[in-house]
$ cat query_10.cif   # mmCIF, C-alpha atoms and all ligand atoms
data_upload
#
loop_
_atom_site.label_atom_id
_atom_site.label_comp_id
_atom_site.auth_asym_id
_atom_site.auth_seq_id
_atom_site.Cartn_x
_atom_site.Cartn_y
_atom_site.Cartn_z
CA MET A 1156 -18.45 -45.90 -48.39
CA TYR A 1157 -14.87 -44.94 -49.27
CA ILE A 1158 -13.69 -45.94 -52.76
CA LEU A 1159 -10.01 -45.63 -53.58
CA GLY A 1160 -9.52 -44.82 -57.28
CA ILE A 1161 -6.35 -45.44 -59.29
CA GLU A 1162 -5.71 -43.92 -62.73
CA THR A 1163 -2.60 -44.65 -64.82
CA SER A 1164 -3.91 -44.88 -68.40
CA CYS A 1165 -1.64 -42.21 -69.90
CA ASP A 1166 0.72 -39.66 -68.33
CA GLU A 1167 -1.11 -38.83 -65.10
CA THR A 1168 -0.45 -40.95 -62.03
CA SER A 1169 -3.48 -40.33 -59.85
CA VAL A 1170 -4.98 -41.71 -56.64
CA SER A 1171 -8.21 -40.46 -55.14
CA ILE A 1172 -10.61 -41.32 -52.35
CA VAL A 1173 -14.27 -40.54 -52.99
CA GLU A 1174 -17.05 -41.02 -50.45
CA ASP A 1175 -20.34 -42.47 -51.73
CA GLY A 1176 -19.53 -41.63 -55.36
CA LYS A 1177 -19.96 -37.88 -54.85
CA LYS A 1178 -17.68 -36.42 -52.18
CA ILE A 1179 -14.01 -36.06 -53.10
CA ILE A 1180 -11.94 -36.62 -49.97
CA VAL A 1181 -8.66 -36.37 -51.87
CA ASN A 1182 -7.65 -36.32 -55.55
CA GLU A 1183 -3.88 -36.55 -55.87
CA ILE A 1184 -2.62 -36.07 -59.46
CA TYR A 1185 1.01 -36.33 -60.53
CA THR A 1186 1.51 -35.18 -64.14
CA GLN A 1187 4.60 -36.69 -65.77
CA LYS A 1188 6.32 -33.57 -67.08
CA ILE A 1189 9.11 -35.67 -68.63
CA HIS A 1190 7.03 -36.12 -71.82
CA GLU A 1191 7.19 -32.39 -72.57
CA LYS A 1192 10.69 -32.72 -73.94
CA PHE A 1193 9.55 -35.42 -76.38
CA GLY A 1194 6.57 -33.39 -77.60
CA GLY A 1195 4.18 -36.24 -76.74
CA VAL A 1196 3.72 -39.20 -74.43
CA VAL A 1197 6.35 -41.95 -74.75
CA PRO A 1198 4.53 -45.12 -73.62
CA GLU A 1199 7.54 -46.91 -72.11
CA VAL A 1200 8.60 -43.80 -70.20
CA ALA A 1201 5.02 -43.39 -68.94
CA SER A 1202 4.90 -46.97 -67.59
CA ARG A 1203 8.24 -46.60 -65.83
CA ASN A 1204 7.19 -43.35 -64.21
CA HIS A 1205 3.91 -44.81 -63.01
CA ILE A 1206 5.93 -47.56 -61.29
CA ILE A 1207 8.22 -45.00 -59.67
CA LYS A 1208 5.44 -42.61 -58.59
CA LEU A 1209 2.33 -44.64 -57.85
CA PHE A 1210 3.08 -45.54 -54.24
CA GLU A 1211 4.33 -42.05 -53.48
CA VAL A 1212 1.03 -40.67 -54.84
CA LEU A 1213 -0.94 -43.29 -52.87
CA GLU A 1214 0.88 -42.39 -49.66
CA ALA A 1215 0.29 -38.68 -50.28
CA ALA A 1216 -3.43 -39.32 -50.84
CA LEU A 1217 -3.77 -41.38 -47.65
CA SER A 1218 -1.86 -38.86 -45.61
CA GLU A 1219 -3.90 -35.92 -46.90
CA SER A 1220 -7.17 -37.76 -46.32
CA GLN A 1221 -6.11 -38.84 -42.83
CA LEU A 1222 -7.59 -42.23 -43.67
CA LYS A 1223 -5.90 -45.59 -43.37
CA LEU A 1224 -5.95 -48.38 -45.92
CA SER A 1225 -8.18 -50.30 -43.52
CA ASP A 1226 -10.82 -47.55 -43.93
CA ILE A 1227 -11.12 -48.20 -47.68
CA ASP A 1228 -14.18 -50.21 -48.77
CA ALA A 1229 -13.24 -50.98 -52.40
CA VAL A 1230 -10.61 -50.19 -55.04
CA ALA A 1231 -11.63 -48.86 -58.47
CA VAL A 1232 -9.08 -48.82 -61.27
CA THR A 1233 -8.90 -47.83 -64.93
CA GLN A 1234 -8.89 -51.06 -66.95
CA GLY A 1235 -8.81 -49.28 -70.32
CA PRO A 1236 -8.65 -47.76 -72.84
CA GLY A 1237 -5.15 -46.36 -72.74
CA LEU A 1238 -1.49 -47.30 -73.00
CA LEU A 1239 -1.24 -50.98 -72.17
CA GLY A 1240 1.96 -50.85 -70.12
CA ALA A 1241 0.75 -47.79 -68.22
CA LEU A 1242 -2.64 -49.38 -67.48
CA LEU A 1243 -0.97 -52.56 -66.22
CA VAL A 1244 0.89 -50.65 -63.51
CA GLY A 1245 -2.32 -49.28 -62.02
CA LEU A 1246 -4.28 -52.49 -62.51
CA ASN A 1247 -1.67 -54.65 -60.79
CA ALA A 1248 -1.33 -52.22 -57.91
CA ALA A 1249 -5.13 -52.17 -57.53
CA LYS A 1250 -5.36 -55.98 -57.62
CA SER A 1251 -2.65 -56.28 -54.96
CA LEU A 1252 -4.34 -53.73 -52.69
CA ALA A 1253 -7.80 -55.25 -53.07
CA TYR A 1254 -6.45 -58.76 -52.51
CA ALA A 1255 -4.38 -57.81 -49.48
CA LEU A 1256 -7.21 -55.77 -47.91
CA ASP A 1257 -9.82 -58.36 -48.90
CA ILE A 1258 -12.11 -55.77 -50.48
CA PRO A 1259 -13.77 -55.57 -53.93
CA LEU A 1260 -11.86 -54.52 -57.04
CA ILE A 1261 -13.88 -52.55 -59.61
CA PRO A 1262 -12.53 -52.29 -63.17
CA VAL A 1263 -13.56 -49.00 -64.77
CA ASN A 1264 -13.76 -47.73 -68.34
CA HIS A 1265 -11.79 -44.49 -68.57
CA ILE A 1266 -14.09 -42.92 -71.19
CA GLU A 1267 -17.21 -43.59 -69.17
CA ALA A 1268 -15.41 -42.20 -66.12
CA HIS A 1269 -14.76 -38.90 -67.93
CA LEU A 1270 -18.53 -38.46 -68.21
CA PHE A 1271 -18.88 -39.30 -64.51
CA ALA A 1272 -16.68 -36.33 -63.66
CA ASN A 1273 -19.95 -34.44 -64.26
CA ILE A 1274 -22.13 -36.76 -62.16
CA LEU A 1275 -19.54 -36.38 -59.41
CA THR A 1276 -19.74 -32.60 -59.61
CA TYR A 1277 -23.46 -32.05 -60.19
CA PRO A 1278 -25.39 -34.40 -57.90
CA ASP A 1279 -28.70 -33.62 -59.59
CA LEU A 1280 -27.51 -34.45 -63.12
CA LYS A 1281 -29.30 -37.53 -64.37
CA PRO A 1282 -29.72 -39.21 -67.79
CA PRO A 1283 -31.07 -38.92 -70.39
CA PHE A 1284 -28.51 -36.58 -71.91
CA LEU A 1285 -26.30 -36.12 -74.92
CA GLY A 1286 -22.68 -36.84 -73.93
CA ILE A 1287 -19.63 -35.63 -75.79
CA ILE A 1288 -16.23 -36.95 -74.75
CA LEU A 1289 -13.33 -34.86 -76.04
CA SER A 1290 -9.92 -36.09 -75.00
CA GLY A 1291 -6.44 -36.89 -76.23
CA GLY A 1292 -7.62 -40.32 -77.34
CA HIS A 1293 -11.35 -39.89 -78.02
CA THR A 1294 -13.92 -37.76 -79.80
CA THR A 1295 -17.14 -39.56 -79.10
CA MET A 1296 -20.77 -38.47 -79.09
CA VAL A 1297 -23.13 -40.77 -77.21
CA ASN A 1298 -26.75 -40.78 -76.26
CA VAL A 1299 -26.92 -41.59 -72.56
CA SER A 1300 -30.41 -42.99 -71.98
CA ASP A 1301 -29.68 -44.21 -68.46
CA PHE A 1302 -26.70 -44.79 -66.18
CA HIS A 1303 -24.30 -47.09 -68.08
CA GLU A 1304 -26.57 -47.17 -71.14
CA TYR A 1305 -24.89 -45.56 -74.09
CA LYS A 1306 -25.70 -45.46 -77.77
CA LEU A 1307 -22.97 -44.31 -80.12
CA ILE A 1308 -23.90 -41.31 -82.26
CA GLY A 1309 -20.53 -40.55 -83.78
CA GLU A 1310 -16.80 -40.81 -83.21
CA THR A 1311 -13.55 -39.85 -84.87
CA ARG A 1312 -12.37 -41.78 -87.91
CA ASP A 1313 -8.73 -40.78 -87.33
CA ASP A 1314 -7.13 -38.36 -84.85
CA ALA A 1315 -8.92 -37.42 -81.64
CA ILE A 1316 -9.58 -33.72 -81.11
CA GLY A 1317 -7.03 -33.45 -78.25
CA GLU A 1318 -4.48 -35.25 -80.39
CA SER A 1319 -5.01 -32.62 -83.11
CA PHE A 1320 -4.38 -29.80 -80.58
CA ASP A 1321 -1.20 -31.60 -79.48
CA LYS A 1322 0.04 -32.26 -83.03
CA VAL A 1323 -0.67 -28.72 -84.25
CA ALA A 1324 1.10 -27.29 -81.19
CA LYS A 1325 4.08 -29.53 -81.92
CA LEU A 1326 4.33 -28.42 -85.54
CA LEU A 1327 4.10 -24.78 -84.40
CA GLY A 1328 6.94 -25.51 -81.96
CA LEU A 1329 4.77 -24.77 -78.92
CA GLY A 1330 5.38 -27.72 -76.60
CA TYR A 1331 3.27 -30.42 -74.97
CA PRO A 1332 0.43 -30.77 -74.09
CA GLY A 1333 -0.72 -28.50 -76.88
CA GLY A 1334 -4.35 -27.94 -75.84
CA PRO A 1335 -3.81 -25.52 -72.95
CA ILE A 1336 -1.05 -23.66 -74.87
CA ILE A 1337 -3.22 -23.16 -77.97
CA ASP A 1338 -6.19 -22.19 -75.79
CA LYS A 1339 -4.10 -19.40 -74.20
CA LEU A 1340 -2.38 -18.20 -77.39
CA ALA A 1341 -5.61 -18.17 -79.38
CA LYS A 1342 -7.06 -15.55 -77.03
CA LYS A 1343 -4.57 -13.08 -78.53
CA GLY A 1344 -5.14 -14.17 -82.15
CA ASP A 1345 -7.60 -13.49 -84.95
CA GLU A 1346 -9.73 -16.63 -85.44
CA ASN A 1347 -10.88 -15.42 -88.87
CA LYS A 1348 -7.39 -14.77 -90.23
CA TYR A 1349 -7.00 -18.18 -91.87
CA GLU A 1350 -9.58 -20.64 -93.05
CA PHE A 1351 -8.69 -24.23 -92.18
CA PRO A 1352 -11.07 -26.87 -93.55
CA ILE A 1353 -12.85 -29.27 -91.30
CA PRO A 1354 -14.23 -32.21 -93.22
CA VAL A 1355 -17.36 -34.23 -92.59
CA PRO A 1356 -16.70 -37.90 -93.40
CA GLY A 1357 -18.87 -38.64 -96.44
CA ASP A 1358 -21.28 -41.27 -95.18
CA SER A 1359 -21.90 -40.22 -91.59
CA PHE A 1360 -22.46 -36.63 -90.55
CA TYR A 1361 -21.96 -37.45 -86.87
CA ASP A 1362 -18.51 -38.98 -87.28
CA PHE A 1363 -15.46 -36.75 -86.94
CA SER A 1364 -12.16 -36.43 -88.78
CA PHE A 1365 -9.30 -34.26 -87.52
CA SER A 1366 -6.27 -35.49 -89.47
CA GLY A 1367 -7.12 -33.32 -92.50
CA LEU A 1368 -7.23 -30.23 -90.29
CA LYS A 1369 -3.80 -31.05 -88.87
CA SER A 1370 -2.44 -31.59 -92.41
CA ALA A 1371 -3.91 -28.25 -93.56
CA VAL A 1372 -2.10 -26.45 -90.73
CA ARG A 1373 1.10 -28.35 -91.59
CA ARG A 1374 0.85 -27.32 -95.27
CA PHE A 1375 0.23 -23.73 -94.23
CA VAL A 1376 3.31 -23.73 -91.97
CA ASP A 1377 5.45 -25.38 -94.69
CA ASP A 1378 4.31 -22.87 -97.32
CA ASN A 1379 4.65 -19.69 -95.27
CA ASN A 1380 7.84 -18.34 -93.78
CA GLN A 1381 6.17 -15.68 -91.74
CA PHE A 1382 2.90 -15.80 -89.88
CA ASN A 1383 1.45 -14.80 -86.57
CA VAL A 1384 1.36 -17.93 -84.43
CA GLU A 1385 -1.55 -16.57 -82.34
CA ASP A 1386 -3.66 -16.15 -85.50
CA VAL A 1387 -2.85 -19.72 -86.63
CA ALA A 1388 -3.69 -21.06 -83.15
CA ALA A 1389 -6.99 -19.14 -83.09
CA SER A 1390 -7.95 -20.16 -86.64
CA PHE A 1391 -7.12 -23.82 -85.99
CA GLN A 1392 -9.03 -23.81 -82.69
CA LYS A 1393 -12.05 -22.22 -84.36
CA ALA A 1394 -12.14 -24.98 -87.01
CA ALA A 1395 -11.68 -27.79 -84.46
CA VAL A 1396 -14.40 -26.46 -82.14
CA GLU A 1397 -16.73 -25.73 -85.06
CA ALA A 1398 -16.57 -29.45 -85.95
CA ILE A 1399 -18.04 -30.25 -82.53
CA ILE A 1400 -20.58 -27.42 -82.42
CA LEU A 1401 -21.92 -28.28 -85.88
CA ARG A 1402 -22.74 -31.84 -84.89
CA LEU A 1403 -24.17 -30.88 -81.51
CA LYS A 1404 -26.38 -28.30 -83.20
CA ARG A 1405 -27.70 -30.75 -85.80
CA TYR A 1406 -28.34 -33.41 -83.15
CA ILE A 1407 -30.16 -30.96 -80.89
CA GLU A 1408 -32.27 -29.80 -83.85
CA GLU A 1409 -33.15 -33.33 -84.95
CA ASN A 1410 -33.78 -34.90 -81.56
CA LYS A 1411 -35.51 -34.05 -78.32
CA ILE A 1412 -32.48 -33.14 -76.25
CA ASN A 1413 -32.76 -31.30 -72.93
CA THR A 1414 -29.22 -31.65 -71.68
CA VAL A 1415 -25.70 -31.74 -73.15
CA VAL A 1416 -22.76 -32.96 -71.09
CA ALA A 1417 -19.15 -32.46 -72.17
CA ALA A 1418 -16.16 -34.28 -70.69
CA GLY A 1419 -12.46 -35.03 -71.24
CA GLY A 1420 -9.35 -32.86 -71.43
CA VAL A 1421 -10.57 -30.71 -74.34
CA ALA A 1422 -13.74 -29.86 -72.38
CA ALA A 1423 -11.36 -27.55 -70.46
CA ASN A 1424 -10.98 -25.41 -73.60
CA SER A 1425 -12.30 -21.92 -72.94
CA TYR A 1426 -13.35 -21.27 -76.56
CA LEU A 1427 -15.27 -24.56 -76.73
CA ARG A 1428 -16.94 -23.78 -73.41
CA SER A 1429 -18.16 -20.39 -74.61
CA LYS A 1430 -19.38 -21.77 -77.97
CA MET A 1431 -21.22 -24.62 -76.26
CA LYS A 1432 -22.77 -22.21 -73.79
CA ASN A 1433 -24.02 -20.03 -76.67
CA LEU A 1434 -25.42 -23.04 -78.51
CA ALA A 1435 -27.17 -24.42 -75.44
CA GLU A 1436 -28.66 -21.07 -74.54
CA LYS A 1437 -29.88 -20.55 -78.11
CA PHE A 1438 -31.69 -23.89 -78.07
CA ASN A 1439 -32.74 -23.65 -74.44
CA VAL A 1440 -30.80 -26.76 -73.49
CA ASN A 1441 -29.02 -27.42 -70.15
CA TYR A 1442 -25.26 -27.86 -70.43
CA TYR A 1443 -22.60 -29.24 -68.11
CA PHE A 1444 -18.81 -29.25 -68.02
CA PRO A 1445 -16.68 -30.67 -65.22
CA PRO A 1446 -14.58 -28.16 -63.29
CA LEU A 1447 -11.19 -27.71 -65.02
CA LYS A 1448 -9.34 -30.04 -62.64
CA LEU A 1449 -11.76 -32.88 -63.38
CA CYS A 1450 -11.66 -32.45 -67.19
CA THR A 1451 -8.20 -33.97 -67.59
CA ASP A 1452 -7.22 -37.39 -66.29
CA ASN A 1453 -7.81 -37.94 -62.58
CA ALA A 1454 -8.65 -40.80 -60.23
CA ALA A 1455 -11.68 -39.10 -58.61
CA MET A 1456 -13.79 -39.81 -61.70
CA ILE A 1457 -12.61 -43.46 -61.56
CA ALA A 1458 -13.55 -43.81 -57.89
CA SER A 1459 -16.92 -42.14 -58.48
CA LEU A 1460 -17.91 -44.43 -61.34
CA GLY A 1461 -16.53 -47.38 -59.34
CA TYR A 1462 -19.02 -46.63 -56.56
CA TYR A 1463 -22.02 -46.73 -58.92
CA LEU A 1464 -20.76 -49.89 -60.64
CA LEU A 1465 -20.30 -51.64 -57.32
CA LYS A 1466 -23.81 -50.63 -56.27
CA LYS A 1467 -25.24 -51.83 -59.58
CA ASN A 1468 -23.30 -55.07 -60.17
CA GLY A 1469 -22.04 -56.10 -56.74
CA PRO A 1470 -18.46 -57.26 -56.15
CA LEU A 1471 -16.55 -59.39 -58.66
CA PRO A 1472 -15.55 -62.82 -57.28
CA LYS A 1473 -11.88 -62.77 -56.24
CA GLU A 1474 -10.81 -65.46 -58.71
CA LYS A 1475 -12.27 -63.30 -61.49
CA PHE A 1476 -10.67 -60.05 -60.49
CA LEU A 1477 -7.22 -61.62 -60.23
CA LYS A 1478 -7.52 -62.64 -63.89
CA LEU A 1479 -8.54 -59.16 -65.13
CA ASN A 1480 -6.35 -57.78 -67.88
CA ALA A 1481 -5.76 -54.23 -69.07
CA LYS A 1482 -7.38 -53.26 -72.37
CA ALA A 1483 -5.79 -50.77 -74.75
CA ARG A 1484 -9.11 -50.48 -76.62
CA MET A 1485 -12.44 -50.45 -74.83
CA ASP A 1486 -15.73 -48.88 -75.96
CA ILE A 1487 -18.63 -47.81 -73.74
CA TYR A 1488 -21.45 -48.45 -76.20
O1 LIG B 1 -8.79 -36.46 -71.00
P1 LIG B 1 -7.32 -36.25 -71.07
O2 LIG B 1 -6.61 -35.73 -69.86
O3 LIG B 1 -6.57 -37.54 -71.47
C1 LIG B 1 -7.07 -38.53 -72.31
O4 LIG B 1 -7.85 -39.37 -71.81
O5 LIG B 1 -6.71 -38.48 -73.49
O6 LIG B 1 -7.09 -35.27 -72.31
C2 LIG B 1 -5.83 -34.81 -72.64
C3 LIG B 1 -6.00 -33.93 -73.86
C4 LIG B 1 -4.68 -33.46 -74.47
O7 LIG B 1 -4.73 -33.69 -75.86
C5 LIG B 1 -4.65 -31.97 -74.15
O8 LIG B 1 -3.93 -31.20 -75.10
C6 LIG B 1 -6.12 -31.64 -74.16
O9 LIG B 1 -6.74 -32.73 -73.52
N1 LIG B 1 -6.42 -30.41 -73.41
C7 LIG B 1 -6.94 -29.29 -74.00
C8 LIG B 1 -7.02 -28.31 -73.00
N2 LIG B 1 -6.58 -28.87 -71.82
C9 LIG B 1 -6.22 -30.15 -72.10
N3 LIG B 1 -7.29 -29.06 -75.28
C10 LIG B 1 -7.76 -27.84 -75.59
N4 LIG B 1 -7.85 -26.84 -74.68
C11 LIG B 1 -7.51 -27.02 -73.37
N5 LIG B 1 -7.63 -26.02 -72.50
ZN ZN B 2 -8.71 -39.21 -70.27
#
$ encode --input "query_10.cif" --output "structure tokens"
Amino acid sequence: MYILGIETSCDETSVSIVEDGKKIIVNEIYTQKIHEKFGGVVPEVASRNHIIKLFEVLEAALSESQLKLSDIDAVAVTQGPGLLGALLVGLNAAKSLAYALDIPLIPVNHIEAHLFANILTYPDLKPPFLGIILSGGHTTMVNVSDFHEYKLIGETRDDAIGESFDKVAKLLGLGYPGGPIIDKLAKKGDENKYEFPIPVPGDSFYDFSFSGLKSAVRRFVDDNNQFNVEDVAASFQKAAVEAIILRLKRYIEENKINTVVAAGGVAANSYLRSKMKNLAEKFNVNYYFPPLKLCTDNAAMIASLGYYLLKKNGPLPKEKFLKLNAKARMDIY
């Protein structure tokens, strides 16, 4: 079964075709570079660029796959969370395609789809596992007891971890997106040069807070005329990753956990990957990350999850799918 996935929740315009939830036939991703000059994603600019690019990306995906629209069995699309205007472009395109082709439309939760980037990659990976979603919009720890069954363990009270990488990069004058730039620079820096605090919100150990860390780096930059940017990047990255590792460690110690699964753009971070590997090996726990290309936003993870949802729930009646709306906020638990 061929599922066509569409992803337009932020600044990636992506179309993918995935066979039976597991085999990527094509995963076309257009990253809107225009946001670099603004130092962050401008929602209105993102929506406009999705409109301009989506059909080009769709045509490129079809041509590369050598499939025709008539070969597609269903369309899966990101319904939320994300930028409302950006989501609406993908959702409306998906509705039109599904309606015109008379095939099912499957609305997909972007956060859940990030986790499915792992299921897509590692066919033998099955719940239960501890999931940690680290992206530009989310920092969420969930207990995955079964497919589509999630229990929230903790989430950020303010900035998401990826957002903190982007904001710190911006205030260091490093460009956007900040995560990959900091990741690279930090390799040349001393992570112990500066101590940036990473708070634990008072009443819940498993919740996260990253805005204080960003403010600490801002104060440091304001108060110091001269510093080595690589050392600041490394020290910031150490604090941000420590916040994740600390909670994972405590949860693994307190619960019977055999497997940890990371997902989202920040799961591409090389320092986080090595720290998580060390932690998992120390506690004899299995660990999974998606390949780098599937960490950041892509439509393959949308198509993959779409396949499992269609198998589980069956197709939505047409009158229902035409009424579907995009959702800026959408939880998975
Ligand atoms: O999952 P994603 O593509 O989009 C959202 O759903 O938000 O994540 C994007 C985020 C950005 O904040 C970006 O800076 C961060 O992931 N990111 C990284 C790395 N690659 C991307 N953060 C740290 N290290 C990286 N190597
Ligand atoms: Zn994402």
$ residues_near_ligand --input "query_10.cif" --ligand "ligand LIG 1 (chain B)" --cutoff "6 Å" --atoms "all atoms listed in the file" --output "PDB file with C-alpha atoms, keeping the file's coordinate frame"
ATOM      1  CA  SER A1290      -9.920 -36.090 -75.000  1.00  0.00           C
ATOM      2  CA  GLY A1291      -6.440 -36.890 -76.230  1.00  0.00           C
ATOM      3  CA  GLY A1292      -7.620 -40.320 -77.340  1.00  0.00           C
ATOM      4  CA  GLY A1317      -7.030 -33.450 -78.250  1.00  0.00           C
ATOM      5  CA  GLU A1318      -4.480 -35.250 -80.390  1.00  0.00           C
ATOM      6  CA  PHE A1320      -4.380 -29.800 -80.580  1.00  0.00           C
ATOM      7  CA  ASP A1321      -1.200 -31.600 -79.480  1.00  0.00           C
ATOM      8  CA  PRO A1332       0.430 -30.770 -74.090  1.00  0.00           C
ATOM      9  CA  GLY A1333      -0.720 -28.500 -76.880  1.00  0.00           C
ATOM     10  CA  GLY A1334      -4.350 -27.940 -75.840  1.00  0.00           C
ATOM     11  CA  PRO A1335      -3.810 -25.520 -72.950  1.00  0.00           C
ATOM     12  CA  ASP A1338      -6.190 -22.190 -75.790  1.00  0.00           C
ATOM     13  CA  GLY A1419     -12.460 -35.030 -71.240  1.00  0.00           C
ATOM     14  CA  GLY A1420      -9.350 -32.860 -71.430  1.00  0.00           C
ATOM     15  CA  VAL A1421     -10.570 -30.710 -74.340  1.00  0.00           C
ATOM     16  CA  ALA A1423     -11.360 -27.550 -70.460  1.00  0.00           C
ATOM     17  CA  ASN A1424     -10.980 -25.410 -73.600  1.00  0.00           C
ATOM     18  CA  THR A1451      -8.200 -33.970 -67.590  1.00  0.00           C
ATOM     19  CA  ASP A1452      -7.220 -37.390 -66.290  1.00  0.00           C
TER      20      ASP A1452
END
$ residues_near_ligand --input "query_10.cif" --ligand "ligand ZN 2 (chain B)" --cutoff "12 Å" --atoms "only C-alpha atoms and all ligand atoms" --output "PyMOL selection string"
chain A and resi 1162-1169+1233+1235-1238+1264-1272+1288-1294+1315+1317-1318+1418-1423+1448-1454+1456-1457
$ write_last_selection --input "query_10.cif" --atoms "C-alpha atoms" --output "PDB file, keeping the file's coordinate frame"
ATOM      1  CA  GLU A1162      -5.710 -43.920 -62.730  1.00  0.00           C
ATOM      2  CA  THR A1163      -2.600 -44.650 -64.820  1.00  0.00           C
ATOM      3  CA  SER A1164      -3.910 -44.880 -68.400  1.00  0.00           C
ATOM      4  CA  CYS A1165      -1.640 -42.210 -69.900  1.00  0.00           C
ATOM      5  CA  ASP A1166       0.720 -39.660 -68.330  1.00  0.00           C
ATOM      6  CA  GLU A1167      -1.110 -38.830 -65.100  1.00  0.00           C
ATOM      7  CA  THR A1168      -0.450 -40.950 -62.030  1.00  0.00           C
ATOM      8  CA  SER A1169      -3.480 -40.330 -59.850  1.00  0.00           C
ATOM      9  CA  THR A1233      -8.900 -47.830 -64.930  1.00  0.00           C
ATOM     10  CA  GLY A1235      -8.810 -49.280 -70.320  1.00  0.00           C
ATOM     11  CA  PRO A1236      -8.650 -47.760 -72.840  1.00  0.00           C
ATOM     12  CA  GLY A1237      -5.150 -46.360 -72.740  1.00  0.00           C
ATOM     13  CA  LEU A1238      -1.490 -47.300 -73.000  1.00  0.00           C
ATOM     14  CA  ASN A1264     -13.760 -47.730 -68.340  1.00  0.00           C
ATOM     15  CA  HIS A1265     -11.790 -44.490 -68.570  1.00  0.00           C
ATOM     16  CA  ILE A1266     -14.090 -42.920 -71.190  1.00  0.00           C
ATOM     17  CA  GLU A1267     -17.210 -43.590 -69.170  1.00  0.00           C
ATOM     18  CA  ALA A1268     -15.410 -42.200 -66.120  1.00  0.00           C
ATOM     19  CA  HIS A1269     -14.760 -38.900 -67.930  1.00  0.00           C
ATOM     20  CA  LEU A1270     -18.530 -38.460 -68.210  1.00  0.00           C
ATOM     21  CA  PHE A1271     -18.880 -39.300 -64.510  1.00  0.00           C
ATOM     22  CA  ALA A1272     -16.680 -36.330 -63.660  1.00  0.00           C
ATOM     23  CA  ILE A1288     -16.230 -36.950 -74.750  1.00  0.00           C
ATOM     24  CA  LEU A1289     -13.330 -34.860 -76.040  1.00  0.00           C
ATOM     25  CA  SER A1290      -9.920 -36.090 -75.000  1.00  0.00           C
ATOM     26  CA  GLY A1291      -6.440 -36.890 -76.230  1.00  0.00           C
ATOM     27  CA  GLY A1292      -7.620 -40.320 -77.340  1.00  0.00           C
ATOM     28  CA  HIS A1293     -11.350 -39.890 -78.020  1.00  0.00           C
ATOM     29  CA  THR A1294     -13.920 -37.760 -79.800  1.00  0.00           C
ATOM     30  CA  ALA A1315      -8.920 -37.420 -81.640  1.00  0.00           C
ATOM     31  CA  GLY A1317      -7.030 -33.450 -78.250  1.00  0.00           C
ATOM     32  CA  GLU A1318      -4.480 -35.250 -80.390  1.00  0.00           C
ATOM     33  CA  ALA A1418     -16.160 -34.280 -70.690  1.00  0.00           C
ATOM     34  CA  GLY A1419     -12.460 -35.030 -71.240  1.00  0.00           C
ATOM     35  CA  GLY A1420      -9.350 -32.860 -71.430  1.00  0.00           C
ATOM     36  CA  VAL A1421     -10.570 -30.710 -74.340  1.00  0.00           C
ATOM     37  CA  ALA A1422     -13.740 -29.860 -72.380  1.00  0.00           C
ATOM     38  CA  ALA A1423     -11.360 -27.550 -70.460  1.00  0.00           C
ATOM     39  CA  LYS A1448      -9.340 -30.040 -62.640  1.00  0.00           C
ATOM     40  CA  LEU A1449     -11.760 -32.880 -63.380  1.00  0.00           C
ATOM     41  CA  CYS A1450     -11.660 -32.450 -67.190  1.00  0.00           C
ATOM     42  CA  THR A1451      -8.200 -33.970 -67.590  1.00  0.00           C
ATOM     43  CA  ASP A1452      -7.220 -37.390 -66.290  1.00  0.00           C
ATOM     44  CA  ASN A1453      -7.810 -37.940 -62.580  1.00  0.00           C
ATOM     45  CA  ALA A1454      -8.650 -40.800 -60.230  1.00  0.00           C
ATOM     46  CA  MET A1456     -13.790 -39.810 -61.700  1.00  0.00           C
ATOM     47  CA  ILE A1457     -12.610 -43.460 -61.560  1.00  0.00           C
TER      48      ILE A1457
END
$ residues_around --input "query_10.cif" --residues "region 1435-1444 of chain A" --least-positions-apart "3" --cutoff "9 Å" --atoms "all atoms listed in the file" --output "PyMOL selection string"
chain A and resi 1272-1273+1277+1280+1404+1407-1408+1412-1418+1422-1423+1428+1430-1432+1447+1450
$ residues_around --input "query_10.cif" --residues "Lys1342 (chain A)" --least-positions-apart "5" --cutoff "12 Å" --atoms "only C-alpha atoms" --output "PyMOL selection string"
chain A and resi 1335-1337+1384-1390+1392-1393+1424-1426
$ closest_residue --input "query_10.cif" --among "A:Gln1381, A:Ser1459, A:Ser1319, A:Ser1300" --to "Ala1229 (chain A)" --atoms "only C-alpha atoms"
A:Ser1459
$ residues_around --input "query_10.cif" --residues "Phe1360 (chain A)" --least-positions-apart "3" --cutoff "12 Å" --atoms "all atoms listed in the file" --output "list in words"
Met1296, Ile1308, Gly1309, Glu1310, Thr1311, Arg1312, Pro1354, Val1355, Pro1356, Gly1357, Phe1363, Ser1364, Ala1398, Ile1399, Leu1401, Arg1402, Leu1403, Lys1404, Arg1405 and Tyr1406 of chain A
$ closest_residue --input "query_10.cif" --among "A:Ser1366, A:Ser1359, A:Asn1410, A:Asn1247" --to "Leu1285 (chain A)" --atoms "all atoms listed in the file"
A:Asn1410
$ closest_residue --input "query_10.cif" --among "A:Lys1250, A:Ala1241, A:Glu1214, A:Ile1258" --to "Ile1227 (chain A)" --atoms "all atoms listed in the file"
A:Ile1258
